[in-house]
Every structure is written in structure tokens, then in C-alpha cells.
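For reference, entry_37.cif is printed below; it contains mmCIF, C-alpha atoms and all ligand atoms.
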data_my_file
loop_
_atom_site.label_atom_id
_atom_site.label_comp_id
_atom_site.auth_asym_id
_atom_site.auth_seq_id
_atom_site.Cartn_x
_atom_site.Cartn_y
_atom_site.Cartn_z
CA MET A 1 -27.88 13.56 -7.19
CA THR A 2 -31.58 12.83 -6.64
CA LEU A 3 -33.03 11.03 -3.65
CA THR A 4 -33.90 7.97 -5.76
CA ASN A 5 -30.19 7.50 -6.39
CA ILE A 6 -29.49 6.98 -2.71
CA HIS A 7 -29.51 3.43 -1.43
CA ASN A 8 -30.99 3.11 2.05
CA GLN A 9 -29.36 -0.14 3.17
CA ILE A 10 -26.05 0.83 4.81
CA GLN A 11 -23.67 -2.06 5.26
CA LEU A 12 -20.29 -1.11 6.65
CA PRO A 13 -17.26 -2.40 4.68
CA PRO A 14 -14.39 -4.25 6.43
CA LEU A 15 -12.15 -2.07 8.62
CA SER A 16 -8.32 -1.87 8.54
CA LEU A 17 -5.75 0.03 10.61
CA TYR A 18 -2.69 1.80 9.16
CA ILE A 19 0.20 2.95 11.40
CA HIS A 20 2.87 5.28 10.02
CA ILE A 21 6.51 5.30 11.20
CA PRO A 22 8.06 8.40 9.58
CA TRP A 23 11.85 7.88 9.78
CA CYS A 24 14.56 6.56 7.45
CA ILE A 25 18.35 6.40 7.69
CA GLU A 26 18.69 8.24 4.36
CA LYS A 27 16.13 9.84 2.07
CA CYS A 28 16.13 7.92 -1.25
CA PRO A 29 16.27 10.26 -4.27
CA TYR A 30 13.09 8.84 -5.87
CA CYS A 31 10.87 8.70 -2.79
CA ASP A 32 8.02 11.10 -1.99
CA PHE A 33 6.53 9.09 0.87
CA ASN A 34 6.33 10.86 4.22
CA SER A 35 9.77 9.99 5.55
CA HIS A 36 12.37 12.04 7.42
CA THR A 37 16.00 11.45 8.36
CA PHE A 38 16.92 11.81 12.01
CA LYS A 39 19.96 13.32 13.71
CA SER A 40 20.83 11.25 16.75
CA LYS A 41 18.41 8.95 18.53
CA LEU A 42 14.91 8.10 17.33
CA PRO A 43 12.27 9.52 19.71
CA GLU A 44 10.53 6.15 19.43
CA GLU A 45 9.17 5.85 22.97
CA ASP A 46 7.47 9.26 22.83
CA TYR A 47 6.22 8.54 19.34
CA ILE A 48 4.58 5.28 20.36
CA ASP A 49 2.83 7.05 23.26
CA HIS A 50 1.48 9.54 20.69
CA LEU A 51 0.39 6.74 18.33
CA LEU A 52 -1.57 5.06 21.13
CA LEU A 53 -3.18 8.37 22.13
CA ASP A 54 -4.02 9.08 18.48
CA LEU A 55 -5.69 5.65 18.31
CA LYS A 56 -7.68 6.30 21.50
CA GLN A 57 -8.89 9.62 20.07
CA SER A 58 -9.99 7.77 16.91
CA LEU A 59 -12.28 5.43 18.86
CA PRO A 60 -15.48 7.47 18.36
CA LEU A 61 -15.01 6.93 14.59
CA ILE A 62 -15.10 3.14 14.86
CA TYR A 63 -16.88 2.30 18.17
CA ASN A 64 -16.16 -1.40 18.62
CA ARG A 65 -15.85 -2.50 14.98
CA GLU A 66 -13.46 -5.40 14.44
CA ILE A 67 -10.17 -4.57 12.69
CA LYS A 68 -9.42 -7.11 9.98
CA THR A 69 -5.92 -6.01 8.94
CA VAL A 70 -3.09 -3.87 10.34
CA PHE A 71 -0.29 -2.35 8.24
CA ILE A 72 2.76 -0.69 9.82
CA GLY A 73 4.32 1.35 7.01
CA GLY A 74 6.76 4.18 6.57
CA GLY A 75 9.36 5.40 6.35
CA THR A 76 11.14 2.44 7.84
CA PRO A 77 9.23 0.67 10.64
CA SER A 78 12.05 -1.88 11.07
CA LEU A 79 14.16 0.92 12.60
CA LEU A 80 12.07 0.55 15.75
CA SER A 81 13.60 -1.52 18.53
CA GLU A 82 12.13 -4.91 19.38
CA ALA A 83 10.80 -3.48 22.67
CA SER A 84 9.06 -0.59 20.87
CA MET A 85 7.36 -2.90 18.40
CA GLN A 86 6.19 -5.10 21.26
CA LYS A 87 4.85 -2.04 23.12
CA LEU A 88 3.09 -0.75 20.00
CA LEU A 89 1.40 -4.04 19.11
CA SER A 90 0.36 -4.97 22.63
CA GLY A 91 -0.78 -1.35 23.16
CA ILE A 92 -3.11 -1.28 20.15
CA LYS A 93 -4.63 -4.63 21.19
CA THR A 94 -5.72 -3.10 24.51
CA ILE A 95 -7.43 -0.18 22.71
CA VAL A 96 -9.14 -1.68 19.66
CA ASN A 97 -10.73 -4.97 18.75
CA ILE A 98 -8.23 -6.71 16.44
CA SER A 99 -9.58 -9.85 14.75
CA PRO A 100 -7.76 -12.97 16.07
CA ASP A 101 -6.81 -13.91 12.49
CA ALA A 102 -5.91 -10.38 11.38
CA GLU A 103 -3.13 -9.97 8.79
CA ILE A 104 -0.50 -7.77 10.52
CA THR A 105 2.09 -6.44 8.05
CA MET A 106 5.24 -4.50 8.79
CA GLU A 107 7.60 -2.89 6.28
CA ALA A 108 11.32 -3.52 6.66
CA ASN A 109 14.53 -2.45 5.00
CA PRO A 110 16.96 -5.30 4.37
CA ASN A 111 19.96 -4.00 6.37
CA SER A 112 21.54 -6.69 8.49
CA VAL A 113 20.83 -4.84 11.75
CA GLU A 114 17.15 -4.75 10.92
CA ALA A 115 16.97 -8.33 9.62
CA ASP A 116 18.29 -9.53 12.98
CA LYS A 117 15.05 -8.24 14.53
CA PHE A 118 12.63 -10.12 12.22
CA LEU A 119 12.06 -13.05 14.60
CA SER A 120 11.33 -10.76 17.51
CA PHE A 121 8.93 -8.66 15.39
CA ASN A 122 7.12 -11.89 14.51
CA GLN A 123 6.93 -12.87 18.18
CA SER A 124 5.30 -9.47 18.89
CA GLY A 125 2.49 -10.30 16.46
CA VAL A 126 3.70 -9.28 12.97
CA ASN A 127 2.65 -12.11 10.64
CA ARG A 128 3.46 -10.55 7.25
CA LEU A 129 6.74 -8.81 6.39
CA SER A 130 7.26 -6.52 3.41
CA ILE A 131 10.92 -6.02 2.50
CA GLY A 132 12.01 -3.08 0.32
CA VAL A 133 14.68 -4.68 -1.87
CA GLN A 134 14.25 -2.48 -5.02
CA SER A 135 17.01 -4.26 -6.99
CA PHE A 136 19.73 -6.88 -6.53
CA HIS A 137 22.13 -5.07 -8.86
CA PRO A 138 24.97 -3.33 -6.94
CA ASP A 139 25.19 -0.27 -9.25
CA LYS A 140 21.42 0.18 -9.33
CA LEU A 141 21.22 0.01 -5.52
CA LYS A 142 23.87 2.74 -5.35
CA ARG A 143 22.08 4.88 -7.94
CA LEU A 144 18.85 4.52 -5.91
CA GLY A 145 20.69 5.74 -2.81
CA ARG A 146 19.94 2.55 -0.91
CA VAL A 147 21.84 1.84 2.27
CA HIS A 148 21.80 -1.95 1.81
CA ASN A 149 23.73 -4.12 -0.62
CA GLN A 150 22.81 -7.18 -2.70
CA GLU A 151 24.06 -9.72 -0.12
CA GLU A 152 22.02 -8.08 2.64
CA ALA A 153 18.87 -8.17 0.47
CA ILE A 154 19.30 -11.90 -0.19
CA ALA A 155 20.11 -12.62 3.46
CA ALA A 156 17.04 -10.64 4.64
CA ALA A 157 14.77 -12.68 2.34
CA HIS A 158 16.33 -15.93 3.63
CA ILE A 159 15.73 -14.84 7.23
CA ALA A 160 12.13 -13.85 6.40
CA SER A 161 11.48 -17.30 4.92
CA ARG A 162 12.83 -19.05 8.04
CA VAL A 163 10.83 -16.92 10.53
CA PRO A 164 7.27 -18.29 10.80
CA PHE A 165 5.59 -15.32 9.09
CA GLN A 166 2.38 -16.35 7.31
CA SER A 167 3.62 -14.47 4.27
CA PHE A 168 6.33 -12.09 3.16
CA ASN A 169 6.62 -9.66 0.29
CA LEU A 170 9.56 -8.29 -1.67
CA ASP A 171 9.31 -4.84 -3.31
CA ILE A 172 11.31 -4.57 -6.55
CA MET A 173 11.29 -1.60 -8.92
CA HIS A 174 11.90 -1.69 -12.68
CA GLY A 175 12.55 0.93 -15.33
CA LEU A 176 15.59 2.01 -13.27
CA PRO A 177 18.20 4.51 -14.52
CA ASN A 178 20.02 3.01 -17.55
CA GLN A 179 18.45 -0.39 -16.88
CA SER A 180 18.66 -2.99 -19.68
CA LEU A 181 16.13 -5.77 -20.30
CA ASP A 182 18.68 -8.33 -19.05
CA GLU A 183 19.28 -6.42 -15.83
CA ALA A 184 15.54 -6.16 -15.12
CA MET A 185 15.09 -9.90 -15.83
CA ALA A 186 18.07 -10.78 -13.61
CA ASP A 187 16.35 -8.99 -10.70
CA LEU A 188 13.23 -11.10 -11.31
CA ASP A 189 15.24 -14.35 -11.57
CA GLN A 190 16.89 -13.62 -8.24
CA MET A 191 13.52 -12.71 -6.68
CA ILE A 192 11.93 -15.96 -7.98
CA GLN A 193 14.80 -17.97 -6.47
CA LEU A 194 14.04 -16.45 -3.07
CA ASN A 195 10.42 -17.60 -3.51
CA PRO A 196 8.40 -14.95 -1.60
CA PRO A 197 4.65 -15.72 -1.42
CA HIS A 198 3.95 -12.08 -2.46
CA PHE A 199 5.81 -9.77 -4.78
CA SER A 200 5.33 -6.07 -5.66
CA TRP A 201 6.83 -4.93 -8.96
CA TYR A 202 6.71 -1.14 -9.27
CA GLN A 203 7.76 0.83 -12.32
CA LEU A 204 9.98 3.68 -11.08
CA THR A 205 8.13 6.99 -11.38
CA ILE A 206 9.72 10.40 -11.04
CA GLU A 207 7.76 12.15 -8.32
CA PRO A 208 7.68 15.95 -7.96
CA ASN A 209 9.79 17.40 -5.13
CA THR A 210 12.27 14.54 -5.09
CA ASN A 211 15.95 14.57 -5.82
CA PHE A 212 15.33 12.65 -9.09
CA ALA A 213 12.82 15.35 -10.15
CA SER A 214 15.43 18.10 -9.84
CA LYS A 215 18.25 16.00 -11.38
CA PRO A 216 16.42 13.53 -13.65
CA PRO A 217 18.27 10.27 -14.33
CA GLN A 218 18.37 8.62 -17.76
CA LEU A 219 15.40 6.24 -17.75
CA PRO A 220 14.75 3.47 -20.32
CA GLU A 221 12.74 4.52 -23.43
CA ASP A 222 9.02 3.63 -23.59
CA ASP A 223 9.59 0.67 -25.95
CA LEU A 224 12.09 -0.88 -23.57
CA LEU A 225 9.81 -0.24 -20.57
CA TRP A 226 7.04 -2.08 -22.40
CA GLU A 227 9.35 -5.00 -23.25
CA ILE A 228 10.47 -5.24 -19.61
CA TYR A 229 6.84 -5.32 -18.49
CA ILE A 230 5.71 -7.95 -21.03
CA LYS A 231 8.73 -10.28 -20.61
CA GLY A 232 8.72 -9.81 -16.84
CA HIS A 233 5.02 -10.56 -16.59
CA GLU A 234 5.53 -13.76 -18.61
CA LYS A 235 8.38 -14.84 -16.34
CA LEU A 236 6.38 -14.16 -13.17
CA THR A 237 3.35 -16.03 -14.48
CA GLN A 238 5.52 -19.03 -15.39
CA ALA A 239 6.94 -18.98 -11.86
CA GLY A 240 3.43 -19.36 -10.41
CA TYR A 241 2.66 -15.74 -9.50
CA ILE A 242 -0.82 -14.40 -10.23
CA GLN A 243 -1.12 -10.70 -10.99
CA TYR A 244 -4.11 -9.30 -9.07
CA GLU A 245 -3.35 -5.57 -9.38
CA THR A 246 -1.17 -3.51 -11.73
CA SER A 247 1.93 -3.97 -9.51
CA ALA A 248 0.94 -6.80 -7.17
CA TYR A 249 1.63 -10.50 -7.73
CA ALA A 250 0.98 -13.37 -5.31
CA LYS A 251 1.03 -17.12 -5.13
CA GLN A 252 -2.50 -18.59 -4.84
CA GLY A 253 -4.04 -17.53 -1.50
CA TYR A 254 -1.38 -14.93 -0.60
CA GLN A 255 -2.92 -11.67 -1.80
CA CYS A 256 -2.37 -8.78 0.62
CA ALA A 257 -5.64 -8.42 2.56
CA HIS A 258 -4.78 -4.88 3.70
CA ASN A 259 -4.18 -3.49 0.22
CA LEU A 260 -7.18 -5.42 -1.11
CA ASN A 261 -9.35 -3.66 1.45
CA TYR A 262 -8.09 -0.24 0.22
CA TRP A 263 -8.73 -1.17 -3.41
CA ARG A 264 -12.17 -2.58 -2.67
CA PHE A 265 -13.18 0.76 -1.12
CA GLY A 266 -13.02 -0.64 2.41
CA ASP A 267 -12.75 1.46 5.56
CA TYR A 268 -9.50 2.20 7.42
CA ILE A 269 -8.23 4.38 10.18
CA GLY A 270 -4.75 5.83 9.94
CA ILE A 271 -2.61 6.82 12.92
CA GLY A 272 0.78 8.51 12.90
CA CYS A 273 2.31 11.37 10.89
CA GLY A 274 0.52 12.03 7.60
CA ALA A 275 -1.60 8.87 7.87
CA HIS A 276 -4.93 9.02 6.13
CA GLY A 277 -8.16 7.20 6.81
CA LYS A 278 -11.61 6.62 5.35
CA ILE A 279 -14.61 5.79 7.47
CA THR A 280 -18.24 5.03 6.60
CA HIS A 281 -20.62 6.19 9.33
CA LEU A 282 -23.91 4.56 10.27
CA ASP A 283 -25.87 7.45 8.74
CA GLY A 284 -24.24 6.64 5.38
CA THR A 285 -21.79 9.56 5.30
CA ILE A 286 -18.23 8.75 4.22
CA GLU A 287 -15.47 10.73 5.92
CA ARG A 288 -11.82 11.09 4.89
CA ILE A 289 -9.31 11.95 7.60
CA GLN A 290 -5.73 13.26 7.30
CA LYS A 291 -3.20 13.45 10.17
CA ILE A 292 -0.47 16.11 10.61
CA LYS A 293 2.46 15.28 8.37
CA HIS A 294 5.64 16.43 10.10
CA PRO A 295 6.86 14.47 13.14
CA LYS A 296 7.49 17.70 15.11
CA GLY A 297 3.96 18.99 14.55
CA TYR A 298 2.40 15.59 15.14
CA MET A 299 4.31 15.04 18.37
CA ALA A 300 3.13 18.42 19.67
CA GLY A 301 -0.02 16.46 20.49
CA THR A 302 -2.70 17.58 18.03
CA TYR A 303 -2.93 14.80 15.51
CA LEU A 304 -5.74 15.74 13.16
CA ASP A 305 -4.82 17.91 10.18
CA LYS A 306 -8.18 17.86 8.39
CA SER A 307 -11.24 15.76 7.65
CA TRP A 308 -13.98 16.09 5.07
CA LEU A 309 -17.06 14.28 3.80
CA VAL A 310 -17.10 12.57 0.40
CA ALA A 311 -20.04 14.06 -1.54
CA ASN A 312 -22.50 11.67 -3.16
CA GLU A 313 -21.39 12.95 -6.58
CA GLU A 314 -17.76 11.97 -5.87
CA ARG A 315 -18.47 8.45 -4.65
CA PRO A 316 -18.71 6.62 -8.03
CA PHE A 317 -15.28 7.96 -9.09
CA GLU A 318 -13.70 7.13 -5.71
CA PHE A 319 -15.18 3.65 -5.76
CA PHE A 320 -14.06 2.78 -9.30
CA MET A 321 -10.69 4.53 -9.01
CA ASN A 322 -9.69 1.89 -6.48
CA ARG A 323 -11.77 -0.99 -7.73
CA PHE A 324 -10.58 -0.94 -11.36
CA ARG A 325 -6.95 -1.30 -10.24
CA LEU A 326 -7.88 -4.86 -9.37
CA PHE A 327 -8.21 -7.59 -11.97
CA GLU A 328 -11.04 -9.39 -10.13
CA PRO A 329 -14.62 -8.64 -11.27
CA THR A 330 -16.45 -5.91 -9.33
CA PRO A 331 -19.68 -7.05 -7.64
CA LYS A 332 -22.50 -4.60 -8.45
CA ALA A 333 -23.95 -5.22 -4.97
CA GLU A 334 -20.77 -3.82 -3.39
CA PHE A 335 -21.16 -0.60 -5.34
CA GLU A 336 -24.56 -0.12 -3.72
CA THR A 337 -23.66 -1.16 -0.18
CA PHE A 338 -20.27 0.62 0.00
CA THR A 339 -21.22 3.89 -1.73
CA GLY A 340 -24.81 4.08 -0.44
CA LEU A 341 -25.97 4.85 -4.02
CA THR A 342 -28.23 2.87 -6.35
CA LEU A 343 -27.11 1.59 -9.75
CA CYS A 344 -29.33 4.28 -11.37
CA ALA A 345 -26.74 6.87 -10.30
CA ILE A 346 -24.18 5.48 -12.77
CA GLU A 347 -26.37 3.96 -15.47
CA SER A 348 -25.32 6.32 -18.27
CA SER A 349 -21.61 6.15 -17.38
CA ILE A 350 -21.69 2.35 -17.33
CA THR A 351 -23.48 2.26 -20.71
CA GLU A 352 -20.78 4.52 -22.16
CA ALA A 353 -17.96 2.43 -20.64
CA ILE A 354 -19.41 -0.75 -22.18
CA LYS A 355 -19.88 0.98 -25.54
CA LYS A 356 -16.20 2.03 -25.51
CA GLU A 357 -15.24 -1.58 -24.62
CA PHE A 358 -13.56 -0.47 -21.36
CA ILE A 359 -15.64 -2.89 -19.27
CA THR A 360 -17.99 -5.84 -19.71
CA GLU A 361 -20.91 -6.74 -17.47
CA ASN A 362 -23.12 -9.67 -16.53
CA LEU A 363 -26.10 -9.72 -14.16
CA THR A 364 -24.00 -9.39 -11.01
CA HIS A 365 -20.54 -8.03 -11.93
CA TRP A 366 -18.51 -5.60 -14.04
CA LYS A 367 -15.09 -6.52 -15.37
CA ILE A 368 -12.41 -4.20 -16.74
CA THR A 369 -11.13 -5.21 -20.22
CA ASP A 370 -7.52 -5.03 -21.46
CA LYS A 371 -8.51 -1.87 -23.33
CA GLY A 372 -9.98 -0.45 -20.09
CA LYS A 373 -6.68 -1.12 -18.27
CA LEU A 374 -4.78 0.67 -21.02
CA PHE A 375 -7.16 3.67 -20.99
CA LEU A 376 -7.82 3.68 -17.24
CA ASN A 377 -7.90 7.49 -16.99
CA ASP A 378 -10.49 7.75 -19.78
CA LEU A 379 -12.55 5.04 -18.11
CA LEU A 380 -12.43 6.77 -14.72
CA GLY A 381 -13.21 10.10 -16.41
CA LEU A 382 -16.67 8.72 -17.24
CA PHE A 383 -17.50 8.71 -13.51
CA ILE A 384 -16.53 12.32 -12.74
C1 LIG B 1 7.06 3.69 1.20
S1 LIG B 1 8.20 2.54 0.63
C2 LIG B 1 8.53 1.76 2.20
C3 LIG B 1 9.45 0.61 2.21
C4 LIG B 1 10.82 0.81 2.81
N1 LIG B 1 11.04 2.05 3.45
C5 LIG B 1 11.85 0.70 1.71
O1 LIG B 1 12.03 1.65 0.97
O2 LIG B 1 12.47 -0.34 1.63
C6 LIG B 1 7.22 1.37 -0.27
C7 LIG B 1 7.68 0.99 -1.64
O3 LIG B 1 7.26 1.91 -2.60
C8 LIG B 1 8.07 1.79 -3.76
N2 LIG B 1 8.37 3.13 -4.26
C9 LIG B 1 8.77 4.20 -3.54
N3 LIG B 1 8.96 5.27 -4.35
C10 LIG B 1 8.70 4.86 -5.61
C11 LIG B 1 8.74 5.49 -6.91
N4 LIG B 1 9.10 6.77 -7.06
N5 LIG B 1 8.40 4.76 -7.99
C12 LIG B 1 8.03 3.46 -7.86
N6 LIG B 1 7.97 2.82 -6.67
C13 LIG B 1 8.31 3.50 -5.56
C14 LIG B 1 9.34 1.05 -3.34
O4 LIG B 1 9.40 -0.20 -3.97
C15 LIG B 1 9.18 0.90 -1.83
O5 LIG B 1 9.69 -0.30 -1.35
C1 LIG B 2 3.40 1.58 -1.42
S1 LIG B 2 2.79 0.47 -0.29
C2 LIG B 2 3.86 -0.91 -0.33
C3 LIG B 2 3.16 -2.15 0.03
C4 LIG B 2 3.98 -3.40 -0.20
N1 LIG B 2 4.32 -3.54 -1.58
C5 LIG B 2 3.20 -4.64 0.30
O1 LIG B 2 2.71 -5.42 -0.50
O2 LIG B 2 3.09 -4.80 1.51
C6 LIG B 2 2.89 1.02 1.34
C7 LIG B 2 3.17 2.47 1.63
O3 LIG B 2 2.03 3.28 1.31
C8 LIG B 2 1.90 4.31 2.27
N2 LIG B 2 0.57 4.15 2.93
C9 LIG B 2 -0.24 3.07 2.90
N3 LIG B 2 -1.38 3.30 3.58
C10 LIG B 2 -1.31 4.58 4.05
C11 LIG B 2 -2.19 5.39 4.84
N4 LIG B 2 -3.38 4.95 5.25
N5 LIG B 2 -1.78 6.63 5.16
C12 LIG B 2 -0.57 7.10 4.73
N6 LIG B 2 0.29 6.36 3.98
C13 LIG B 2 -0.08 5.13 3.63
C14 LIG B 2 3.03 4.15 3.27
O4 LIG B 2 4.08 5.01 2.95
C15 LIG B 2 3.42 2.71 3.10
O5 LIG B 2 4.76 2.52 3.42
S1 LIG B 3 13.84 3.89 2.73
FE1 LIG B 3 11.77 3.65 1.81
S2 LIG B 3 10.47 5.21 2.77
FE2 LIG B 3 12.62 5.70 3.25
S3 LIG B 3 13.20 7.22 1.74
FE3 LIG B 3 13.80 5.19 0.94
S4 LIG B 3 12.02 4.45 -0.27
FE4 LIG B 3 11.32 6.18 0.99
#
Kindly present the structure from the file in C-alpha cells form.
Amino acid sequence: MTLTNIHNQIQLPPLSLYIHIPWCIEKCPYCDFNSHTFKSKLPEEDYIDHLLLDLKQSLPLIYNREIKTVFIGGGTPSLLSEASMQKLLSGIKTIVNISPDAEITMEANPNSVEADKFLSFNQSGVNRLSIGVQSFHPDKLKRLGRVHNQEEAIAAAHIASRVPFQSFNLDIMHGLPNQSLDEAMADLDQMIQLNPPHFSWYQLTIEPNTNFASKPPQLPEDDLLWEIYIKGHEKLTQAGYIQYETSAYAKQGYQCAHNLNYWRFGDYIGIGCGAHGKITHLDGTIERIQKIKHPKGYMAGTYLDKSWLVANEERPFEFFMNRFRLFEPTPKAEFETFTGLTLCAIESSITEAIKKEFITENLTHWKITDKGKLFLNDLLGLFI
């Protein structure tokens, strides 16, 4: 990349904080997230001390930048006791500068024991709850190895709507083992009745190194998957949900600010086992950071696994890989300020993408077309 391709006006993107809680009651057979079962008692007090120390050690990366969003993910963060969540959230507020109107999300499983803690989590500062429902169908829940049942999922959503969270999200998966169109639509009907402001609708994928990868279940054929997607999308749109990313739907004004910041190539620090981060420095370098994955190793007290700089040549791909997941137009100015490159650096790739009808452009923005969404890998390949 030549010098003329480097933009000299560095403007730091918004900053988020991710906190990983690595434990679950059972390991679900489809899940490859960094989660571990535990034998007796959760070492939660020790772990929170480590999280706070990890955050303190991250300070030189962010000096006093304001944190716009916080996301406590897992694993199953709702396994933490009320006191631990209170200690964690008040602890981070003494270390970093959290914006007074920050979105603070926590993931929860819908078991009754955990749902009883929702109000207390809210009083500790959580203002957005994300509940992993997956399905409302009893057989499907069993097949997915979930430890909650249909009644608990409905009750958890009711509790979440009564607690004064600013928003809550339900995660539902489709394309489940032996799932029919009617079963997938029944899950959506039940979800719509519960009326969450935000809804994530993931197609089940078989991930390597999971139980489903070694003993693959019978998944719906491609034609049926497509029908589920098209009919489901229609139903969600009619119910007032706006799709803003492949799997994310929200009522007007309820998009998830934390995920939006990831997809817009924002900055974030990650603390906890296996958490990753991305930070833009004042000299224009972009650093990626990865923490140690296993709880035992992480709690030995050295948190950093590795970190590396994103080369100038890799920045266009990294920027568009995230950005083109979103349906909103991409401001050209953000490409320059967030990657530190000029538009000249991608001129030929953009021309090619327009010629192939993957994107359109006007003076200020690019927009992905339906064809671009369908051939996303080919589109992104133009920026490698
Ligand atoms: C990391 S999980 C955490 C949420 C919480 N532990 C739970 O499972 O309820 C986040 C979400 O990713 C989705 N997910 C996990 N594995 C998936 C897979 N193989 N295919 C599609 N979605 C998946 C599920 O909807 C899940 O709720
Ligand atoms: C798949 S998403 C589910 C979000 C949910 N649908 C919502 O709208 O709130 C969240 C999961 O991604 C993973 N994750 C997100 N940010 C991460 C980070 N910085 N480092 C490591 N894992 C991360 C965690 O496993 C987390 O539970
Ligand atoms: S409860 Fe959530 S994080 Fe834990 S194994 Fe299941 S899907 Fe993965």
C-alpha cells in the first residue's frame, strides 16, 4: 500500500466493553462458544477479581476514552449471583469511564432460578437483557440439550417485560433437527406474542468440534430452509420488526448498540476467558487482542494470549466484512476515518463490485444490493 493511500486524519471510533462469563450448566450439542461446565461451586468471586484486574491492565490501551456500551456474554452470565453481578458492575465503573447512558446488556438462560434474579440484575445496572430461548417446542428443546422448558421460556420473557429494562432480546434458532415450516412459524408466533423489542433469529449451523458435528442430526433440506426464512421474514416484518442485519430484528429505535458498534468496525476491549478486542491507537495502528481461553489458565493470572496489528492491506476486508452484514448504507467517510486509508486504496475493488451489481453508490455512501447479500463471500473476496 503506498503512502498516498494512507489517510492522515485519525478519528477514533466509539468504544465498547465485552465481559465473558465462561460457564454453563450443560454444554449444548450445537454450541462452539467458549463455555465450560463446572463440577461443584462456581469460582465466581475469584473470577470477578480477575476480571477487574484484567480491566485495570487494559487501561493503557484506552486511557480515559468513554465506553458507550457494555455486553456481558458467555457462557451463561445469569449463573452469577446477584451479589457478584453487583460487584462486577460497580467494580468496572470505578476503573473505566462508562457513559451515563451506556447500553449494558447481559445474557441470560430462561431457567426459573435465573429469571428470579432479573430484577436484581437490573438494579445493579443491566438495562438490556438477552434471553437464549432457542425454541418453544418441547421436543426441539430436548434435542438441543437445553435445560429449560417451554413454560420457563415464556415465564422468563414475561418477567423481562415487567422489569424496567430499556430493552430485551430473545434468541431463537431455526432450521432445527427435523423442523417443519409450521413448527418454525409457531416459534415465531409465540415470540411475537411475547413482544420483545429486539429479536435474534439464527439459522442453526453445525460447528466443528461440537457434539452435532460428530453425530450430525437430520436438518431440513435447503428448499425448506429457504421457505422458513422467506415466510418467517414476512411474518416478522408484518409484526413490526425491522431487519437490520442478517439475523437481527428490532422494533424502531431498539437496535443493539453493542453489536452495531462491532459491525460498524468500532473499537472494543474484551475481558475474561477467550474475550477478544480491537483497538485503534492514536498513531493510526489497529490492534487485535485475544485473552487466554480456558478458565484455569486465565485464572492463573496472565490474561493476554496474543495481540497483533492489522496490516493496512487487511483493513478494507476487515472493514467491509463487518459493515456489509448491516442493511444500512455505509458512509464513505467512515471508511477513511476508521481504517486510516483513503478511498484510492479500494477504488478498483469498488468499481468491480458495482460492475457485478453487488453494491450501489452515491456521493457519500455505498449500499449492498440483494445480489451482494446473496454473494457476500464473492463481494468480500474483492477486498482481499
Ligand atoms: C453464546 S450463546 C449465549 C446465550 C446463552 N448461553 C444461551 O444459550 O441461552 C448466544 C446465542 O448464539 C446462538 N447460537 C449458538 N450456537 C449456535 C449455532 N451453532 N447455530 C446458530 N446459532 C447459535 C444461540 O441462539 C444462543 O442463544
Ligand atoms: C452471538 S451473540 C448473541 C447476541 C444476542 N443475540 C443479542 O442480541 O444480544 C453474543 C455472543 O458472542 C460472543 N462474543 C461477543 N463478543 C465477544 C468478544 N468480544 N469476545 C469473545 N466473545 C464474544 C459471546 O459468546 C456472546 O455470548
Ligand atoms: S447455554 Fe448457551 S453458551 Fe452455554 S453451551 Fe448452551 S448455547 Fe452455548
8 Å contact set for Glu287 (chain A), all atoms listed in the file, chain neighbours under 4 positions out, as an mmCIF file with C-alpha atoms, in the frame of the given file:
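The resulting file, selection06.cif, is reproduced below:
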data_model
loop_
_atom_site.group_PDB
_atom_site.id
_atom_site.type_symbol
_atom_site.label_atom_id
_atom_site.label_comp_id
_atom_site.auth_asym_id
_atom_site.auth_seq_id
_atom_site.Cartn_x
_atom_site.Cartn_y
_atom_site.Cartn_z
ATOM 1 C CA LYS A 278 -11.610 6.620 5.350
ATOM 2 C CA ILE A 279 -14.610 5.790 7.470
ATOM 3 C CA THR A 280 -18.240 5.030 6.600
ATOM 4 C CA HIS A 281 -20.620 6.190 9.330
ATOM 5 C CA SER A 307 -11.240 15.760 7.650
ATOM 6 C CA TRP A 308 -13.980 16.090 5.070
ATOM 7 C CA LEU A 309 -17.060 14.280 3.800
ATOM 8 C CA VAL A 310 -17.100 12.570 0.400
#
With distances taken over all atoms listed in the file, which residue among A:Pro316, A:Gly284, A:Gly75, A:Pro177 lies nearest Phe265 (chain A)?
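For Phe265 (chain A), the nearest of the candidates is A:Pro316.
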Write out as a PDB file with C-alpha atoms, in the frame of the given file the residues lying within 8 Å of Leu15 (chain A), counting only C-alpha atoms and excluding same-chain residues fewer than 6 positions away.
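Saved as part.pdb:
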ATOM      1  CA  ARG A  65     -15.850  -2.500  14.980  1.00  0.00           C
ATOM      2  CA  GLU A  66     -13.460  -5.400  14.440  1.00  0.00           C
ATOM      3  CA  ILE A  67     -10.170  -4.570  12.690  1.00  0.00           C
ATOM      4  CA  LYS A  68      -9.420  -7.110   9.980  1.00  0.00           C
ATOM      5  CA  THR A  69      -5.920  -6.010   8.940  1.00  0.00           C
ATOM      6  CA  ASN A 261      -9.350  -3.660   1.450  1.00  0.00           C
ATOM      7  CA  GLY A 266     -13.020  -0.640   2.410  1.00  0.00           C
ATOM      8  CA  ASP A 267     -12.750   1.460   5.560  1.00  0.00           C
ATOM      9  CA  TYR A 268      -9.500   2.200   7.420  1.00  0.00           C
ATOM     10  CA  ILE A 269      -8.230   4.380  10.180  1.00  0.00           C
TER      11      ILE A 269
END
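Distance check against ligand LIG 1 (chain B) using all atoms listed in the file: of A:Glu207, A:Asp46, A:Asp378, A:Glu313, the minimum falls on A:Glu207.
When all atoms listed in the file are used to measure the gap to ligand LIG 1 (chain B), the shortest distance among A:Ser135, A:Asn322, A:Ser167, A:Thr205 belongs to A:Thr205.
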Exercise: residues within 10 Å of coordinate (13.0, 9.6, 7.1), counting all atoms listed in the file, as a PyMOL selection string
chain A and resi 21-28+33-38+74-76+295
For each of A:Asn109, A:Ser349, A:Asn169, A:Thr369, take the minimum atom-to-atom distance to ligand LIG 3 (chain B), counting all atoms listed in the file, then give the residue where this is smallest.
A:Asn109
